[in-house]
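Reproduced below: structure.cif, with mmCIF, C-alpha atoms.
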data_coords
#
loop_
_atom_site.group_PDB
_atom_site.id
_atom_site.type_symbol
_atom_site.label_atom_id
_atom_site.label_comp_id
_atom_site.auth_asym_id
_atom_site.auth_seq_id
_atom_site.Cartn_x
_atom_site.Cartn_y
_atom_site.Cartn_z
ATOM 1 C CA MET N 76 -18.526 15.033 10.795
ATOM 2 C CA PHE N 77 -18.801 12.494 13.636
ATOM 3 C CA LYS N 78 -22.023 11.008 12.248
ATOM 4 C CA TYR N 79 -20.502 10.836 8.779
ATOM 5 C CA ALA N 80 -17.376 9.091 10.094
ATOM 6 C CA LEU N 81 -19.490 6.626 12.085
ATOM 7 C CA LYS N 82 -21.596 5.791 9.023
ATOM 8 C CA ARG N 83 -18.481 5.282 6.912
ATOM 9 C CA ILE N 84 -16.914 2.998 9.516
ATOM 10 C CA LEU N 85 -20.073 0.878 9.748
ATOM 11 C CA LEU N 86 -20.241 0.704 5.948
ATOM 12 C CA MET N 87 -16.567 -0.260 5.858
ATOM 13 C CA LEU N 88 -17.125 -3.108 8.324
ATOM 14 C CA PHE N 89 -20.107 -4.352 6.334
ATOM 15 C CA THR N 90 -18.128 -4.216 3.076
ATOM 16 C CA PHE N 91 -15.211 -6.010 4.736
ATOM 17 C CA PHE N 92 -17.553 -8.724 6.008
ATOM 18 C CA VAL N 93 -19.063 -9.249 2.528
ATOM 19 C CA ILE N 94 -15.662 -9.418 0.813
ATOM 20 C CA MET N 95 -14.294 -11.892 3.324
ATOM 21 C CA LEU N 96 -17.450 -14.004 3.103
ATOM 22 C CA ILE N 97 -17.096 -14.211 -0.693
ATOM 23 C CA CYS N 98 -13.419 -15.162 -0.398
ATOM 24 C CA PHE N 99 -14.159 -17.767 2.255
ATOM 25 C CA VAL N 100 -16.986 -19.385 0.257
ATOM 26 C CA LEU N 101 -14.896 -19.488 -2.933
ATOM 27 C CA ILE N 102 -11.982 -21.059 -1.072
ATOM 28 C CA LYS N 103 -14.222 -23.705 0.464
ATOM 29 C CA ALA N 104 -15.484 -24.549 -3.023
ATOM 30 C CA LEU N 105 -11.946 -25.636 -3.924
ATOM 31 C CA PRO N 106 -10.610 -29.113 -3.117
ATOM 32 C CA VAL N 107 -9.063 -29.328 0.349
ATOM 33 C CA PRO N 108 -5.352 -30.138 -0.163
ATOM 34 C CA LEU N 109 -3.710 -32.849 1.900
ATOM 35 C CA PRO N 110 -1.539 -31.488 4.720
ATOM 36 C CA GLN N 111 2.220 -31.459 4.209
ATOM 37 C CA GLY N 112 5.131 -31.969 6.593
ATOM 38 C CA SER N 113 6.103 -34.712 9.011
ATOM 39 C CA GLU N 114 3.650 -37.191 10.483
ATOM 40 C CA ALA N 115 3.432 -35.206 13.717
ATOM 41 C CA GLN N 116 2.770 -31.979 11.769
ATOM 42 C CA LYS N 117 0.076 -33.699 9.690
ATOM 43 C CA GLN N 118 -1.676 -34.863 12.849
ATOM 44 C CA GLN N 119 -1.446 -31.357 14.300
ATOM 45 C CA ILE N 120 -2.974 -29.867 11.138
ATOM 46 C CA MET N 121 -5.792 -32.426 11.071
ATOM 47 C CA ALA N 122 -6.571 -31.673 14.733
ATOM 48 C CA MET N 123 -6.682 -27.972 13.920
ATOM 49 C CA ARG N 124 -9.037 -28.641 11.001
ATOM 50 C CA GLU N 125 -11.363 -30.567 13.296
ATOM 51 C CA LEU N 126 -11.265 -27.699 15.781
ATOM 52 C CA ARG N 127 -12.153 -25.218 13.036
ATOM 53 C CA GLY N 128 -15.135 -27.295 11.875
ATOM 54 C CA TYR N 129 -13.962 -28.492 8.453
ATOM 55 C CA ASN N 130 -16.688 -31.158 8.526
ATOM 56 C CA LYS N 131 -19.467 -28.587 9.116
ATOM 57 C CA PRO N 132 -21.465 -26.369 6.698
ATOM 58 C CA VAL N 133 -19.601 -23.476 5.068
ATOM 59 C CA MET N 134 -21.435 -20.684 6.903
ATOM 60 C CA GLU N 135 -20.843 -22.355 10.255
ATOM 61 C CA GLN N 136 -17.165 -22.694 9.369
ATOM 62 C CA PHE N 137 -17.084 -18.981 8.517
ATOM 63 C CA PHE N 138 -18.427 -17.944 11.918
ATOM 64 C CA ILE N 139 -16.126 -20.406 13.707
ATOM 65 C CA TYR N 140 -13.208 -18.897 11.786
ATOM 66 C CA TRP N 141 -13.952 -15.334 12.908
ATOM 67 C CA TYR N 142 -14.894 -16.434 16.423
ATOM 68 C CA ARG N 143 -11.427 -17.912 16.833
ATOM 69 C CA VAL N 144 -9.857 -14.825 15.271
ATOM 70 C CA PHE N 145 -11.529 -12.398 17.675
ATOM 71 C CA ARG N 146 -11.376 -14.675 20.723
ATOM 72 C CA TYR N 147 -7.862 -16.114 20.392
ATOM 73 C CA GLY N 148 -6.217 -14.230 17.516
ATOM 74 C CA ASP N 149 -6.060 -17.588 15.739
ATOM 75 C CA PHE N 150 -5.888 -17.386 11.946
ATOM 76 C CA GLY N 151 -4.867 -21.019 11.660
ATOM 77 C CA MET N 152 -1.525 -22.532 10.693
ATOM 78 C CA GLY N 153 0.336 -23.166 7.479
ATOM 79 C CA GLU N 154 -0.686 -26.410 5.789
ATOM 80 C CA GLN N 155 1.184 -26.212 2.476
ATOM 81 C CA TYR N 156 3.601 -23.288 2.943
ATOM 82 C CA LEU N 157 5.665 -22.874 6.133
ATOM 83 C CA VAL N 158 3.971 -25.993 7.438
ATOM 84 C CA ALA N 159 2.731 -26.009 11.048
ATOM 85 C CA THR N 160 3.689 -22.356 11.619
ATOM 86 C CA TYR N 161 1.011 -20.097 13.068
ATOM 87 C CA VAL N 162 -0.199 -17.627 10.455
ATOM 88 C CA ALA N 163 -0.587 -14.640 12.799
ATOM 89 C CA GLU N 164 2.915 -15.053 14.280
ATOM 90 C CA GLU N 165 4.553 -15.299 10.847
ATOM 91 C CA PHE N 166 2.582 -12.274 9.653
ATOM 92 C CA MET N 167 3.632 -10.105 12.609
ATOM 93 C CA GLU N 168 7.247 -11.151 12.137
ATOM 94 C CA ARG N 169 7.235 -10.081 8.478
ATOM 95 C CA LEU N 170 5.058 -6.958 8.746
ATOM 96 C CA PRO N 171 7.855 -4.532 9.830
ATOM 97 C CA ALA N 172 9.847 -5.205 6.638
ATOM 98 C CA THR N 173 6.870 -4.374 4.418
ATOM 99 C CA MET N 174 5.865 -1.285 6.403
ATOM 100 C CA LEU N 175 9.431 0.046 6.498
ATOM 101 C CA LEU N 176 9.891 -0.490 2.767
ATOM 102 C CA ASN N 177 6.631 1.294 1.970
ATOM 103 C CA LEU N 178 7.255 4.155 4.384
ATOM 104 C CA TYR N 179 10.733 4.796 2.968
ATOM 105 C CA SER N 180 9.272 4.763 -0.542
ATOM 106 C CA ILE N 181 6.475 7.234 0.217
ATOM 107 C CA ILE N 182 8.787 9.560 2.202
ATOM 108 C CA PHE N 183 11.244 9.544 -0.696
ATOM 109 C CA SER N 184 8.538 10.089 -3.322
ATOM 110 C CA ILE N 185 6.406 12.865 -1.790
ATOM 111 C CA PRO N 186 8.852 15.818 -1.869
ATOM 112 C CA ILE N 187 10.333 14.912 -5.257
ATOM 113 C CA GLY N 188 6.928 14.412 -6.897
ATOM 114 C CA ILE N 189 5.439 17.608 -5.459
ATOM 115 C CA MET N 190 8.475 19.729 -6.374
ATOM 116 C CA LEU N 191 8.491 18.407 -9.938
ATOM 117 C CA GLY N 192 4.740 19.076 -10.203
ATOM 118 C CA ILE N 193 5.169 22.647 -8.960
ATOM 119 C CA TYR N 194 8.046 23.272 -11.347
ATOM 120 C CA ALA N 195 6.088 21.871 -14.307
ATOM 121 C CA ALA N 196 3.045 24.011 -13.451
ATOM 122 C CA LEU N 197 5.147 27.174 -13.203
ATOM 123 C CA ARG N 198 6.753 26.355 -16.575
ATOM 124 C CA LYS N 199 3.491 25.420 -18.254
ATOM 125 C CA ASN N 200 3.754 24.806 -22.022
ATOM 126 C CA LYS N 201 7.522 25.360 -21.969
ATOM 127 C CA TRP N 202 10.122 22.723 -22.767
ATOM 128 C CA GLN N 203 10.628 21.900 -19.070
ATOM 129 C CA ASP N 204 6.917 21.150 -18.728
ATOM 130 C CA HIS N 205 6.933 18.965 -21.838
ATOM 131 C CA VAL N 206 9.954 16.983 -20.624
ATOM 132 C CA ILE N 207 8.451 16.400 -17.170
ATOM 133 C CA SER N 208 5.026 15.493 -18.599
ATOM 134 C CA THR N 209 6.587 13.009 -21.021
ATOM 135 C CA GLY N 210 8.580 11.440 -18.194
ATOM 136 C CA VAL N 211 5.441 11.209 -16.052
ATOM 137 C CA MET N 212 3.584 9.326 -18.794
ATOM 138 C CA ILE N 213 6.484 6.889 -19.211
ATOM 139 C CA PHE N 214 6.966 6.210 -15.501
ATOM 140 C CA ILE N 215 3.239 5.753 -14.841
ATOM 141 C CA SER N 216 2.827 3.378 -17.797
ATOM 142 C CA VAL N 217 5.744 1.059 -16.980
ATOM 143 C CA PRO N 218 5.152 -1.544 -14.196
ATOM 144 C CA SER N 219 7.367 -1.347 -11.120
ATOM 145 C CA PHE N 220 8.903 -4.792 -11.679
ATOM 146 C CA ILE N 221 10.409 -3.536 -14.968
ATOM 147 C CA TYR N 222 12.234 -0.848 -12.994
ATOM 148 C CA ALA N 223 13.369 -3.550 -10.580
ATOM 149 C CA PHE N 224 15.118 -5.525 -13.337
ATOM 150 C CA ILE N 225 16.702 -2.383 -14.816
ATOM 151 C CA ILE N 226 17.921 -1.175 -11.421
ATOM 152 C CA GLN N 227 19.321 -4.635 -10.609
ATOM 153 C CA TYR N 228 21.177 -4.695 -13.915
ATOM 154 C CA ILE N 229 22.721 -1.243 -13.437
ATOM 155 C CA PHE N 230 23.485 -1.017 -9.711
ATOM 156 C CA TYR N 231 24.206 -4.693 -9.001
ATOM 157 C CA SER N 232 25.372 -6.415 -12.183
ATOM 158 C CA LYS N 233 27.262 -3.538 -13.810
ATOM 159 C CA LEU N 234 28.352 -1.186 -11.021
ATOM 160 C CA GLY N 235 28.271 -3.553 -8.048
ATOM 161 C CA LEU N 236 27.230 -0.715 -5.723
ATOM 162 C CA LEU N 237 24.213 -2.300 -4.039
ATOM 163 C CA PRO N 238 23.386 -5.811 -2.767
ATOM 164 C CA GLN N 239 21.017 -7.874 -4.885
ATOM 165 C CA ILE N 240 18.786 -9.010 -2.021
ATOM 166 C CA MET N 241 17.664 -7.404 1.213
ATOM 167 C CA GLU N 242 19.690 -8.039 4.358
ATOM 168 C CA SER N 243 18.139 -9.912 7.248
ATOM 169 C CA PRO N 244 17.135 -7.424 9.987
ATOM 170 C CA SER N 245 18.533 -9.772 12.625
ATOM 171 C CA LEU N 246 22.084 -9.157 11.330
ATOM 172 C CA HIS N 247 22.338 -5.382 11.653
ATOM 173 C CA GLY N 248 18.999 -4.054 12.953
ATOM 174 C CA TRP N 249 16.161 -2.303 11.149
ATOM 175 C CA PHE N 250 17.678 1.192 11.045
ATOM 176 C CA SER N 251 21.333 0.422 10.323
ATOM 177 C CA TRP N 252 23.174 1.577 7.195
ATOM 178 C CA PRO N 253 23.724 -1.967 5.796
ATOM 179 C CA MET N 254 19.995 -2.610 6.197
ATOM 180 C CA PHE N 255 19.038 0.645 4.488
ATOM 181 C CA LYS N 256 21.597 0.086 1.724
ATOM 182 C CA SER N 257 20.057 -3.286 0.929
ATOM 183 C CA MET N 258 16.641 -1.607 0.670
ATOM 184 C CA ILE N 259 17.682 1.130 -1.772
ATOM 185 C CA MET N 260 16.936 -0.863 -4.929
ATOM 186 C CA PRO N 261 13.423 -1.983 -3.912
ATOM 187 C CA ILE N 262 12.688 1.545 -2.681
ATOM 188 C CA MET N 263 13.745 2.984 -6.030
ATOM 189 C CA SER N 264 11.701 0.397 -7.908
ATOM 190 C CA LEU N 265 8.561 1.333 -5.979
ATOM 191 C CA SER N 266 9.169 5.092 -6.014
ATOM 192 C CA PHE N 267 9.356 5.927 -9.729
ATOM 193 C CA GLY N 268 5.657 5.371 -10.379
ATOM 194 C CA VAL N 269 4.646 7.145 -7.159
ATOM 195 C CA ILE N 270 6.802 10.178 -7.968
ATOM 196 C CA ALA N 271 5.154 10.346 -11.391
ATOM 197 C CA GLY N 272 1.710 10.131 -9.770
ATOM 198 C CA PHE N 273 2.396 12.998 -7.351
ATOM 199 C CA THR N 274 3.914 15.071 -10.160
ATOM 200 C CA ARG N 275 0.845 14.622 -12.352
ATOM 201 C CA VAL N 276 -1.637 15.458 -9.577
ATOM 202 C CA THR N 277 0.344 18.482 -8.349
ATOM 203 C CA ARG N 278 0.834 19.901 -11.843
ATOM 204 C CA ALA N 279 -2.836 19.479 -12.775
ATOM 205 C CA GLU N 280 -4.166 21.056 -9.576
ATOM 206 C CA LEU N 281 -1.652 23.899 -9.421
ATOM 207 C CA THR N 282 -2.177 24.743 -13.097
ATOM 208 C CA GLU N 283 -5.916 25.032 -12.506
ATOM 209 C CA VAL N 284 -5.500 27.123 -9.363
ATOM 210 C CA LEU N 285 -3.004 29.519 -10.965
ATOM 211 C CA THR N 286 -5.582 30.402 -13.617
ATOM 212 C CA SER N 287 -8.349 31.031 -11.072
ATOM 213 C CA GLU N 288 -9.868 34.455 -10.513
ATOM 214 C CA PHE N 289 -8.870 34.655 -6.844
ATOM 215 C CA MET N 290 -5.209 34.345 -7.846
ATOM 216 C CA LEU N 291 -5.591 37.351 -10.140
ATOM 217 C CA LEU N 292 -7.222 39.214 -7.249
ATOM 218 C CA ALA N 293 -4.309 38.304 -4.963
ATOM 219 C CA ARG N 294 -1.825 39.715 -7.474
ATOM 220 C CA THR N 295 -3.813 42.938 -7.888
ATOM 221 C CA LYS N 296 -3.749 43.426 -4.106
ATOM 222 C CA GLY N 297 0.033 43.644 -4.244
ATOM 223 C CA LEU N 298 1.202 40.116 -3.486
ATOM 224 C CA THR N 299 4.259 38.953 -5.370
ATOM 225 C CA LYS N 300 4.093 35.863 -7.552
ATOM 226 C CA SER N 301 5.874 33.681 -4.985
ATOM 227 C CA GLN N 302 3.670 34.997 -2.150
ATOM 228 C CA SER N 303 0.457 34.280 -4.051
ATOM 229 C CA ILE N 304 1.685 30.789 -4.956
ATOM 230 C CA PHE N 305 2.749 29.720 -1.462
ATOM 231 C CA ARG N 306 0.001 31.501 0.507
ATOM 232 C CA HIS N 307 -2.963 30.706 -1.709
ATOM 233 C CA ALA N 308 -2.290 28.354 -4.613
ATOM 234 C CA LEU N 309 -0.489 25.569 -2.734
ATOM 235 C CA ARG N 310 -2.978 25.686 0.143
ATOM 236 C CA ASN N 311 -5.836 25.059 -2.288
ATOM 237 C CA CYS N 312 -3.883 22.296 -4.014
ATOM 238 C CA ALA N 313 -3.372 20.563 -0.665
ATOM 239 C CA VAL N 314 -7.062 19.611 -0.644
ATOM 240 C CA VAL N 315 -6.283 17.107 -3.404
ATOM 241 C CA ILE N 316 -2.571 16.396 -2.866
ATOM 242 C CA VAL N 317 -2.609 15.478 0.841
ATOM 243 C CA PRO N 318 -5.431 12.883 0.632
ATOM 244 C CA SER N 319 -3.729 11.358 -2.414
ATOM 245 C CA ILE N 320 -0.781 10.414 -0.188
ATOM 246 C CA MET N 321 -2.865 7.689 1.457
ATOM 247 C CA GLY N 322 -4.010 6.433 -1.930
ATOM 248 C CA GLU N 323 -0.438 6.274 -3.187
ATOM 249 C CA PHE N 324 0.618 4.450 -0.022
ATOM 250 C CA ILE N 325 -1.958 1.749 -0.724
ATOM 251 C CA GLY N 326 -0.735 1.618 -4.318
ATOM 252 C CA ILE N 327 2.824 1.080 -3.114
ATOM 253 C CA MET N 328 1.723 -1.759 -0.840
ATOM 254 C CA SER N 329 0.036 -3.460 -3.780
ATOM 255 C CA GLY N 330 3.093 -2.988 -5.969
ATOM 256 C CA SER N 331 5.416 -4.319 -3.285
ATOM 257 C CA LEU N 332 3.855 -7.792 -3.635
ATOM 258 C CA VAL N 333 6.036 -8.482 -6.676
ATOM 259 C CA ILE N 334 8.977 -6.265 -5.682
ATOM 260 C CA GLU N 335 9.426 -8.111 -2.397
ATOM 261 C CA SER N 336 9.664 -11.417 -4.254
ATOM 262 C CA ILE N 337 12.223 -10.031 -6.734
ATOM 263 C CA PHE N 338 14.530 -8.635 -4.033
ATOM 264 C CA SER N 339 13.869 -11.413 -1.471
ATOM 265 C CA VAL N 340 12.436 -8.945 1.038
ATOM 266 C CA PRO N 341 11.265 -10.894 4.134
ATOM 267 C CA GLY N 342 7.934 -9.091 4.141
ATOM 268 C CA VAL N 343 4.205 -9.624 3.852
ATOM 269 C CA GLY N 344 4.143 -9.224 0.076
ATOM 270 C CA ALA N 345 6.438 -12.161 -0.573
ATOM 271 C CA LEU N 346 4.458 -14.190 1.969
ATOM 272 C CA TYR N 347 1.247 -13.426 0.068
ATOM 273 C CA VAL N 348 2.644 -14.414 -3.330
ATOM 274 C CA ASN N 349 4.225 -17.623 -2.016
ATOM 275 C CA SER N 350 1.096 -18.664 -0.115
ATOM 276 C CA VAL N 351 -1.052 -18.238 -3.235
ATOM 277 C CA THR N 352 1.440 -20.287 -5.264
ATOM 278 C CA ALA N 353 1.479 -23.010 -2.613
ATOM 279 C CA LEU N 354 -2.349 -23.011 -2.286
ATOM 280 C CA ASP N 355 -2.142 -22.354 1.443
ATOM 281 C CA TYR N 356 -5.631 -21.041 2.177
ATOM 282 C CA ASN N 357 -5.033 -19.994 5.786
ATOM 283 C CA TYR N 358 -2.251 -17.614 4.829
ATOM 284 C CA PHE N 359 -4.286 -16.346 1.898
ATOM 285 C CA MET N 360 -7.309 -15.565 4.088
ATOM 286 C CA MET N 361 -5.361 -13.552 6.635
ATOM 287 C CA LEU N 362 -3.304 -11.629 4.079
ATOM 288 C CA ASN N 363 -6.374 -10.928 1.989
ATOM 289 C CA ALA N 364 -8.127 -9.627 5.121
ATOM 290 C CA PHE N 365 -5.125 -7.393 5.845
ATOM 291 C CA TYR N 366 -4.950 -5.803 2.386
ATOM 292 C CA THR N 367 -8.739 -5.451 2.175
ATOM 293 C CA PHE N 368 -8.954 -3.760 5.574
ATOM 294 C CA VAL N 369 -6.077 -1.375 4.812
ATOM 295 C CA GLY N 370 -7.650 -0.415 1.488
ATOM 296 C CA LEU N 371 -11.078 0.248 3.002
ATOM 297 C CA LEU N 372 -9.583 2.166 5.935
ATOM 298 C CA ALA N 373 -7.580 4.332 3.533
ATOM 299 C CA GLY N 374 -10.785 5.353 1.769
ATOM 300 C CA ILE N 375 -12.289 6.569 5.049
ATOM 301 C CA VAL N 376 -9.120 8.452 6.028
ATOM 302 C CA VAL N 377 -9.035 10.198 2.652
ATOM 303 C CA ASP N 378 -12.685 11.271 2.858
ATOM 304 C CA ILE N 379 -12.449 12.554 6.433
ATOM 305 C CA SER N 380 -9.150 14.352 5.778
ATOM 306 C CA TYR N 381 -10.879 16.705 3.313
ATOM 307 C CA GLY N 382 -12.783 18.330 6.170
ATOM 308 C CA PHE N 383 -9.614 18.925 8.203
ATOM 309 C CA ILE N 384 -7.553 20.262 5.296
ATOM 310 C CA ASP N 385 -10.247 22.653 4.066
ATOM 311 C CA PRO N 386 -12.746 23.829 6.752
ATOM 312 C CA ARG N 387 -15.176 24.819 3.976
ATOM 313 C CA ILE N 388 -15.748 21.126 3.294
ATOM 314 C CA ARG N 389 -18.192 19.471 5.675
ATOM 315 C CA MET N 390 -18.613 15.804 4.902
ATOM 316 C CA GLY N 391 -22.144 14.539 5.454
ATOM 317 C CA GLY N 392 -23.521 17.915 6.482
ATOM 318 C CA LYS N 393 -26.990 19.207 5.708
ATOM 319 C CA LYS N 394 -27.454 21.409 2.660
#
As structure tokens:
Amino acid sequence: MFKYALKRILLMLFTFFVIMLICFVLIKALPVPLPQGSEAQKQQIMAMRELRGYNKPVMEQFFIYWYRVFRYGDFGMGEQYLVATYVAEEFMERLPATMLLNLYSIIFSIPIGIMLGIYAALRKNKWQDHVISTGVMIFISVPSFIYAFIIQYIFYSKLGLLPQIMESPSLHGWFSWPMFKSMIMPIMSLSFGVIAGFTRVTRAELTEVLTSEFMLLARTKGLTKSQSIFRHALRNCAVVIVPSIMGEFIGIMSGSLVIESIFSVPGVGALYVNSVTALDYNYFMMLNAFYTFVGLLAGIVVDISYGFIDPRIRMGGKK
């Protein structure tokens, strides 16, 4: 397992390096925009460009970029968006909002999705199963930003129960009720698709396990239906369900790019969208590195988790 994990980590780093190299080269192929801001800010940006080797070959610029990242934590500063602000500092300031939003969404979605999947599997081919399966297809097919507009219309425009935009954490604190109340609508917008995903996976896996021969053997040995389900069926389903949590978390983070802009969440997603719109390459490079690294790391965590969930699985072992 250790050798397998080490190989996967090295492969992840190599893949990350290749992706970032491609992004960097493509960005450098674009015209370099003129710096914005005051005269003092423009001079500061031009000095930073000189320090980062903008007048040198692309590959040399690439290595200078990552040398400064690893040596000083310097990802550059905003040149078109949030001018003269340091990219790393702005990112760290906005990261808690994105992580909190995504964690609330996944915590809210996991139990509901799994319970609906279990219920649908136990009521297979009955009207309850058909209703849940139809709802799953609808919620998976519809993009999260559509839910955002519907939820805004109902809970803000019509009922007036929830605020339209997210509160600033500096007003009440991250874990206060006003802060959580302002996050309910974006959490709901992100959760519908995730709940549907968990429901579909749980129903499919549990349906297959319930028809397996070992389940029939468990019943013939005297176990009740509930005992055989909770002791055997759900444990086998966990091999697929638990690793899917990390995949769904990455999916939520990708979906929150648009949701954060709709609800004015002061997070990384809105920063990413706005930096792309403003053609601010420094912000784009760091945020692209963040999402790429999280996605690659999630793949490793999912693969390794199989061996811990089910001891019969030995990743990378000899046959």
Check which residues satisfy the PyMOL selection byres ((chain N and resi 212-226) around 9) in the file shown, then give them as a ChimeraX atom specification.
-> /N:207-211,227-231,260-261,263-272,275,330-331,333-334,337-338
Ground truth for the PyMOL selection byres ((chain N and resi 159-163) around 9), written as an MDAnalysis selection string | chainID N and resid 111:112 116:117 119:120 148:158 164:168 357:358 361
Decode the PyMOL selection byres ((chain N and resi 122-128) around 10) for the given file into explicit residues and return them as a list in words.
-> Gln116, Lys117, Gln118, Gln119, Ile120, Met121, Tyr129, Asn130, Lys131, Pro132, Val133, Glu135, Gln136, Phe137, Phe138, Ile139, Tyr140, Tyr142, Arg143, Gly151 and Met152 of chain N
The selected residues should be written to file as an mmCIF file, keeping the file's coordinate frame (atoms: C-alpha atoms).
data_model
loop_
_atom_site.group_PDB
_atom_site.id
_atom_site.type_symbol
_atom_site.label_atom_id
_atom_site.label_comp_id
_atom_site.auth_asym_id
_atom_site.auth_seq_id
_atom_site.Cartn_x
_atom_site.Cartn_y
_atom_site.Cartn_z
ATOM 1 C CA GLN N 116 2.770 -31.979 11.769
ATOM 2 C CA LYS N 117 0.076 -33.699 9.690
ATOM 3 C CA GLN N 118 -1.676 -34.863 12.849
ATOM 4 C CA GLN N 119 -1.446 -31.357 14.300
ATOM 5 C CA ILE N 120 -2.974 -29.867 11.138
ATOM 6 C CA MET N 121 -5.792 -32.426 11.071
ATOM 7 C CA TYR N 129 -13.962 -28.492 8.453
ATOM 8 C CA ASN N 130 -16.688 -31.158 8.526
ATOM 9 C CA LYS N 131 -19.467 -28.587 9.116
ATOM 10 C CA PRO N 132 -21.465 -26.369 6.698
ATOM 11 C CA VAL N 133 -19.601 -23.476 5.068
ATOM 12 C CA GLU N 135 -20.843 -22.355 10.255
ATOM 13 C CA GLN N 136 -17.165 -22.694 9.369
ATOM 14 C CA PHE N 137 -17.084 -18.981 8.517
ATOM 15 C CA PHE N 138 -18.427 -17.944 11.918
ATOM 16 C CA ILE N 139 -16.126 -20.406 13.707
ATOM 17 C CA TYR N 140 -13.208 -18.897 11.786
ATOM 18 C CA TYR N 142 -14.894 -16.434 16.423
ATOM 19 C CA ARG N 143 -11.427 -17.912 16.833
ATOM 20 C CA GLY N 151 -4.867 -21.019 11.660
ATOM 21 C CA MET N 152 -1.525 -22.532 10.693
#
With a distance cut-off of 6 Å and only C-alpha atoms, select the neighbouring residues of N:Val343, excluding the residue or stretch itself and same-chain residues fewer than 2 positions from it, and output the selection as an NGL selection string.
-> :N and (169-170 or 173 or 345-346)
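Among the candidates N:Ile316, N:Ala195, N:Leu175, N:Cys98, the residue lying nearest to N:Ile262 is N:Leu175 (atoms considered: all atoms listed in the file).
When all atoms listed in the file are used to compute distances to N:Ile97, the closest of the residues N:Leu85, N:Ala364, N:Ile193, N:Ile187 turns out to be N:Ala364.
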At what distance in Å, to one decimal, does atom CA of N:Pro171 lie from atom CA of N:Val317?
-> 24.3 Å
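Using all atoms listed in the file, the smallest distance between any of N:Thr277, N:Gln302, N:Thr282, N:Ser350 and N:Leu332 comes from N:Ser350.
Closest approach to N:Met95 among N:Ala196, N:Gly374, N:Phe365, N:Ala353: N:Phe365, based on all atoms listed in the file.
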For N:Asn311, the closest of N:Leu292, N:Leu285, N:Met87, N:Ile325 counting only C-alpha atoms is N:Leu285
All residues 12 Å or closer to N:Glu283, all atoms listed in the file, same chain fewer than 2 positions away omitted, as a list in words | Ile193, Ala196, Leu197, Lys199, Val276, Thr277, Arg278, Ala279, Glu280, Leu281, Leu285, Thr286, Ser287, Glu288, Phe289, Met290, Ala308, Leu309, Asn311 and Cys312 of chain N
Could you take the residues named above and write them with C-alpha atoms, as a CSV table (one decimal), keeping the file's coordinate frame?
chain,number,residue,atom,x,y,z
N,193,ILE,CA,5.2,22.6,-9.0
N,196,ALA,CA,3.0,24.0,-13.5
N,197,LEU,CA,5.1,27.2,-13.2
N,199,LYS,CA,3.5,25.4,-18.3
N,276,VAL,CA,-1.6,15.5,-9.6
N,277,THR,CA,0.3,18.5,-8.3
N,278,ARG,CA,0.8,19.9,-11.8
N,279,ALA,CA,-2.8,19.5,-12.8
N,280,GLU,CA,-4.2,21.1,-9.6
N,281,LEU,CA,-1.7,23.9,-9.4
N,285,LEU,CA,-3.0,29.5,-11.0
N,286,THR,CA,-5.6,30.4,-13.6
N,287,SER,CA,-8.3,31.0,-11.1
N,288,GLU,CA,-9.9,34.5,-10.5
N,289,PHE,CA,-8.9,34.7,-6.8
N,290,MET,CA,-5.2,34.3,-7.8
N,308,ALA,CA,-2.3,28.4,-4.6
N,309,LEU,CA,-0.5,25.6,-2.7
N,311,ASN,CA,-5.8,25.1,-2.3
N,312,CYS,CA,-3.9,22.3,-4.0
If you measure from atom CA of N:Leu362 to atom CA of N:Leu88, what distance in Å do you get, rounded to one decimal?
-> 16.8 Å
Atom completion result for stretch 366-374 of chain N (N, CA and C atoms) as a PDB file, in the coordinates of the input:
ATOM      1  N   TYR N 366      -4.970  -6.759   3.495  1.00  0.00           N
ATOM      2  CA  TYR N 366      -4.950  -5.803   2.386  1.00  0.00           C
ATOM      3  C   TYR N 366      -6.335  -5.201   2.156  1.00  0.00           C
ATOM      4  N   THR N 367      -7.383  -5.982   2.333  1.00  0.00           N
ATOM      5  CA  THR N 367      -8.739  -5.451   2.175  1.00  0.00           C
ATOM      6  C   THR N 367      -9.043  -4.401   3.237  1.00  0.00           C
ATOM      7  N   PHE N 368      -8.684  -4.698   4.482  1.00  0.00           N
ATOM      8  CA  PHE N 368      -8.954  -3.760   5.574  1.00  0.00           C
ATOM      9  C   PHE N 368      -8.164  -2.467   5.399  1.00  0.00           C
ATOM     10  N   VAL N 369      -6.898  -2.574   5.015  1.00  0.00           N
ATOM     11  CA  VAL N 369      -6.077  -1.375   4.812  1.00  0.00           C
ATOM     12  C   VAL N 369      -6.647  -0.525   3.680  1.00  0.00           C
ATOM     13  N   GLY N 370      -7.078  -1.157   2.597  1.00  0.00           N
ATOM     14  CA  GLY N 370      -7.650  -0.415   1.488  1.00  0.00           C
ATOM     15  C   GLY N 370      -8.935   0.303   1.855  1.00  0.00           C
ATOM     16  N   LEU N 371      -9.821  -0.376   2.583  1.00  0.00           N
ATOM     17  CA  LEU N 371     -11.078   0.248   3.002  1.00  0.00           C
ATOM     18  C   LEU N 371     -10.826   1.367   4.015  1.00  0.00           C
ATOM     19  N   LEU N 372      -9.898   1.141   4.938  1.00  0.00           N
ATOM     20  CA  LEU N 372      -9.583   2.166   5.935  1.00  0.00           C
ATOM     21  C   LEU N 372      -8.992   3.406   5.276  1.00  0.00           C
ATOM     22  N   ALA N 373      -8.172   3.198   4.245  1.00  0.00           N
ATOM     23  CA  ALA N 373      -7.580   4.332   3.533  1.00  0.00           C
ATOM     24  C   ALA N 373      -8.654   5.206   2.904  1.00  0.00           C
ATOM     25  N   GLY N 374      -9.702   4.579   2.365  1.00  0.00           N
ATOM     26  CA  GLY N 374     -10.785   5.353   1.769  1.00  0.00           C
ATOM     27  C   GLY N 374     -11.467   6.261   2.779  1.00  0.00           C
TER      28      GLY N 374
END
